[in-house]
Amino acid sequence: MLGRLRSEDSGKLLVHSGKQPGARPAPAQPATLPADGASLENLAEDALLSMDYELAGKCYKKLEQLPEARERQAQLRRQRYRVALMRELTRQTPVSQLVGASDLFEIHYRNSAGELLKRTVRILRRSEEYIWIQSGYGEEARLRRGGIEKETGISREDWRSAKERELRKRTGELDKSGSYGYLSDLFSLALFAKTNKLSREGTKFLDSAFASKDFSWLLETYFPDNLERLTRYWKRGTGRSEPLAKAAAAKKPSEPKPPPSISLRPVEELATNTPLPGAPKALMDYGIKHFRKGREYLARSLPGMDNALANKRLARDHFALAQRASQRLIELEPTDVAARDLVRNASLMVHTCAKDMGFFD
């Protein structure tokens with residue numbers, strides 16, 4: 001959010017990064033876990049309701065080691081894989097710093113381009129010329145008072161009620177007819193629940209996503225660098241493969257692995273008005289290239305990640321170019337099955353990116 005203000009009001013806004021999500025203190029956990037199975041299971045269930053998957057995983061691990069749980073070992077191991085997958089999918093998304101804050105304000109800010117931006121932030125301090133604000137993910141900024149058209153105080157109760165209404169509204173709009181879109185919405189709702197500490201619903205959204213046979217699509221889309229491991233967790237955690245089976249020994253690569261790729265840095269904008277290629281093959285290559293670029297940026301746009309909103313916008317623009325190219329290709333070759341698949345997938349991703357913008361603070 002603050003990155004958008006920075007990019008669109010250059011020279012008039014100072015932005016300072018807050019603490020990274022990984023540097024924030026972990027939620028308080030019991031110093032020692034209960035010794036008996038019943039207490040461990042109760043604690044694990046409470047942890048799942050609060051989306052504290054690290055604690056839930058520790059409980060299930062200890063449960064699995066109890067002598068009386070020997071007959072349930074496969075079931076408990078399955079739970080451990082399920083919880084480990086939930087942790088991997090949500091661990092980069094911190095709880096918003098707006099949760100429980102008593103200094104919340106809705107700011108209406110007019111940037112240099114003339115666009116009016118409305119955001120809920122914390123106001124940290126004020127001077128005659130500036131106010132210092134903080135976003136939900138810890139970024140701090142200094143805004144010119146002259147650019148602020150309106151600021152309204154919000155109580156923590158009103159803020160939470162608004163988030164609960166938003167969650168109910170989005171839940172009621174879930175469309176199960178499109179499998180991939182439905183999966184993306186479930187994942188987005190789970191992250192929204194965690195970020196706004198509406199945690200009782202978050203685990204339910206993830207479980208609903210896990211139940212889909214197409215769940216691997218979500219992993220391919222948002223976690224391409226960790227696809228193999230997370231797919232294994234999903235299969236074992238949902239009973240699609242034996243949780244106690246030993247993984248096959250990995251073959252040694254014949255050639256040394258290449259160095260890890262450098263993380264993409266978002267750019268301010270992508271030229272979207274360039275002419276499309278004319279030849280069918282060139283159109284398909286162009287569309288596939290931009291679809292892949294869109295996925296790369298989408299994987300870097302989860303709530304709490306650096307430049308998440310800029311990456312989401314850039315992903316949307318790449319998907320839109322892929323959509324344009326495939327639509328043009330269908331005009332030239334109406335029976336091209338690959339082009340129809342690409343336009344369907346690109347359109348879904350454009351819609352997914354657009355829906356999520358503004359859903360997170």
# chains A, B, ... in the order shown; residues from 1 in each chain; ligands from 1

$ closest_atom_pairs --of "region 33-63 of chain A" --to "region 175-195 of chain A" --cutoff "10 Å" --atoms "only C-alpha atoms" --output "CSV"
residue,atom,partner,partner_atom,distance
A:Ser50,CA,A:Lys194,CA,8.4
A:Met51,CA,A:Lys194,CA,7.0
A:Asp52,CA,A:Lys194,CA,9.6

$ write_last_selection --atoms "C-alpha atoms" --output "PDB file, in the first residue's frame"
ATOM      1  CA  SER A  50      -6.009 -19.734  16.005  1.00  0.00           C
ATOM      2  CA  MET A  51      -3.949 -20.696  12.899  1.00  0.00           C
ATOM      3  CA  ASP A  52      -0.920 -21.338  15.111  1.00  0.00           C
TER       4      ASP A  52
END

$ residues_around --residues "Tyr137 (chain A)" --least-positions-apart "5" --cutoff "7 Å" --atoms "only C-alpha atoms" --output "list in words"
Ser96, Gln97 and Gly304 of chain A

$ residues_around --residues "Val343 (chain A)" --least-positions-apart "4" --cutoff "8 Å" --atoms "only C-alpha atoms" --output "PDB file with N, CA and C atoms, in the first residue's frame"
ATOM      1  N   ALA A 322      -1.004 -11.729 -21.944  1.00  0.00           N
ATOM      2  CA  ALA A 322      -1.204 -13.106 -22.396  1.00  0.00           C
ATOM      3  C   ALA A 322      -2.642 -13.301 -22.882  1.00  0.00           C
ATOM      4  N   GLN A 323      -3.577 -12.667 -22.200  1.00  0.00           N
ATOM      5  CA  GLN A 323      -4.983 -12.759 -22.586  1.00  0.00           C
ATOM      6  C   GLN A 323      -5.210 -12.130 -23.961  1.00  0.00           C
ATOM      7  N   ARG A 324      -4.646 -10.953 -24.180  1.00  0.00           N
ATOM      8  CA  ARG A 324      -4.794 -10.267 -25.468  1.00  0.00           C
ATOM      9  C   ARG A 324      -4.216 -11.099 -26.603  1.00  0.00           C
ATOM     10  N   SER A 326      -3.660 -14.372 -26.769  1.00  0.00           N
ATOM     11  CA  SER A 326      -4.412 -15.599 -27.052  1.00  0.00           C
ATOM     12  C   SER A 326      -5.763 -15.285 -27.696  1.00  0.00           C
ATOM     13  N   GLN A 327      -6.385 -14.176 -27.328  1.00  0.00           N
ATOM     14  CA  GLN A 327      -7.644 -13.793 -27.965  1.00  0.00           C
ATOM     15  C   GLN A 327      -7.430 -13.467 -29.443  1.00  0.00           C
ATOM     16  N   ALA A 339      -4.646 -22.205 -27.729  1.00  0.00           N
ATOM     17  CA  ALA A 339      -4.978 -20.788 -27.572  1.00  0.00           C
ATOM     18  C   ALA A 339      -6.195 -20.623 -26.666  1.00  0.00           C
ATOM     19  N   SER A 347      -7.381 -15.271 -18.436  1.00  0.00           N
ATOM     20  CA  SER A 347      -8.539 -14.490 -17.980  1.00  0.00           C
ATOM     21  C   SER A 347      -8.804 -14.747 -16.504  1.00  0.00           C
TER      22      SER A 347
END

$ residues_around --residues "region 284-287 of chain A" --least-positions-apart "5" --cutoff "12 Å" --atoms "only C-alpha atoms" --output "short mmCIF file (atom, residue, chain, number, x, y, z; two decimals) with C-alpha atoms, in the first residue's frame"
data_model
loop_
_atom_site.label_atom_id
_atom_site.label_comp_id
_atom_site.auth_asym_id
_atom_site.auth_seq_id
_atom_site.Cartn_x
_atom_site.Cartn_y
_atom_site.Cartn_z
CA THR A 274 2.83 -2.39 -27.65
CA PRO A 275 1.63 -4.03 -30.90
CA LEU A 276 1.03 -7.77 -30.77
CA PRO A 277 3.02 -10.10 -33.03
CA GLY A 278 1.33 -10.96 -36.31
CA ALA A 279 2.15 -14.64 -36.90
CA ARG A 292 4.85 -17.32 -17.11
CA LYS A 293 6.04 -13.85 -16.11
CA GLY A 294 2.68 -13.22 -14.50
CA ASP A 317 -0.52 -6.71 -16.47
CA HIS A 318 1.47 -9.72 -17.70
CA PHE A 319 -1.63 -11.93 -17.57
CA ALA A 320 -3.59 -9.26 -19.48
CA LEU A 321 -0.98 -9.32 -22.25
CA ALA A 322 -1.20 -13.11 -22.40
CA GLN A 323 -4.98 -12.76 -22.59
CA ARG A 324 -4.79 -10.27 -25.47
CA ALA A 325 -2.35 -12.42 -27.41
CA SER A 326 -4.41 -15.60 -27.05
CA GLN A 327 -7.64 -13.79 -27.97
CA ARG A 328 -6.00 -12.48 -31.13
CA LEU A 329 -4.72 -15.97 -31.93
CA ILE A 330 -8.26 -17.39 -31.63
CA LEU A 332 -6.83 -16.06 -36.57
CA GLU A 333 -7.24 -19.75 -35.78
CA ASP A 336 -6.63 -23.73 -31.80
CA VAL A 337 -7.14 -25.67 -28.55
CA ALA A 338 -3.92 -24.38 -26.93
CA ALA A 339 -4.98 -20.79 -27.57
CA ARG A 340 -8.37 -21.43 -25.95
CA ASP A 341 -6.68 -22.95 -22.90
CA LEU A 342 -4.36 -19.97 -22.62
CA VAL A 343 -7.10 -17.36 -22.90
CA ASN A 345 -6.24 -19.46 -17.84
CA ALA A 346 -5.02 -15.91 -18.45
CA SER A 347 -8.54 -14.49 -17.98
#

$ residues_around --residues "His108 (chain A)" --least-positions-apart "5" --cutoff "8 Å" --atoms "only C-alpha atoms" --output "PyMOL selection string"
chain A and resi 116-119+148-151

$ residues_around --residues "Tyr81 (chain A)" --least-positions-apart "4" --cutoff "7 Å" --atoms "only C-alpha atoms" --output "list in words"
Arg77, Leu85, Tyr233, Arg236 and Gly237 of chain A
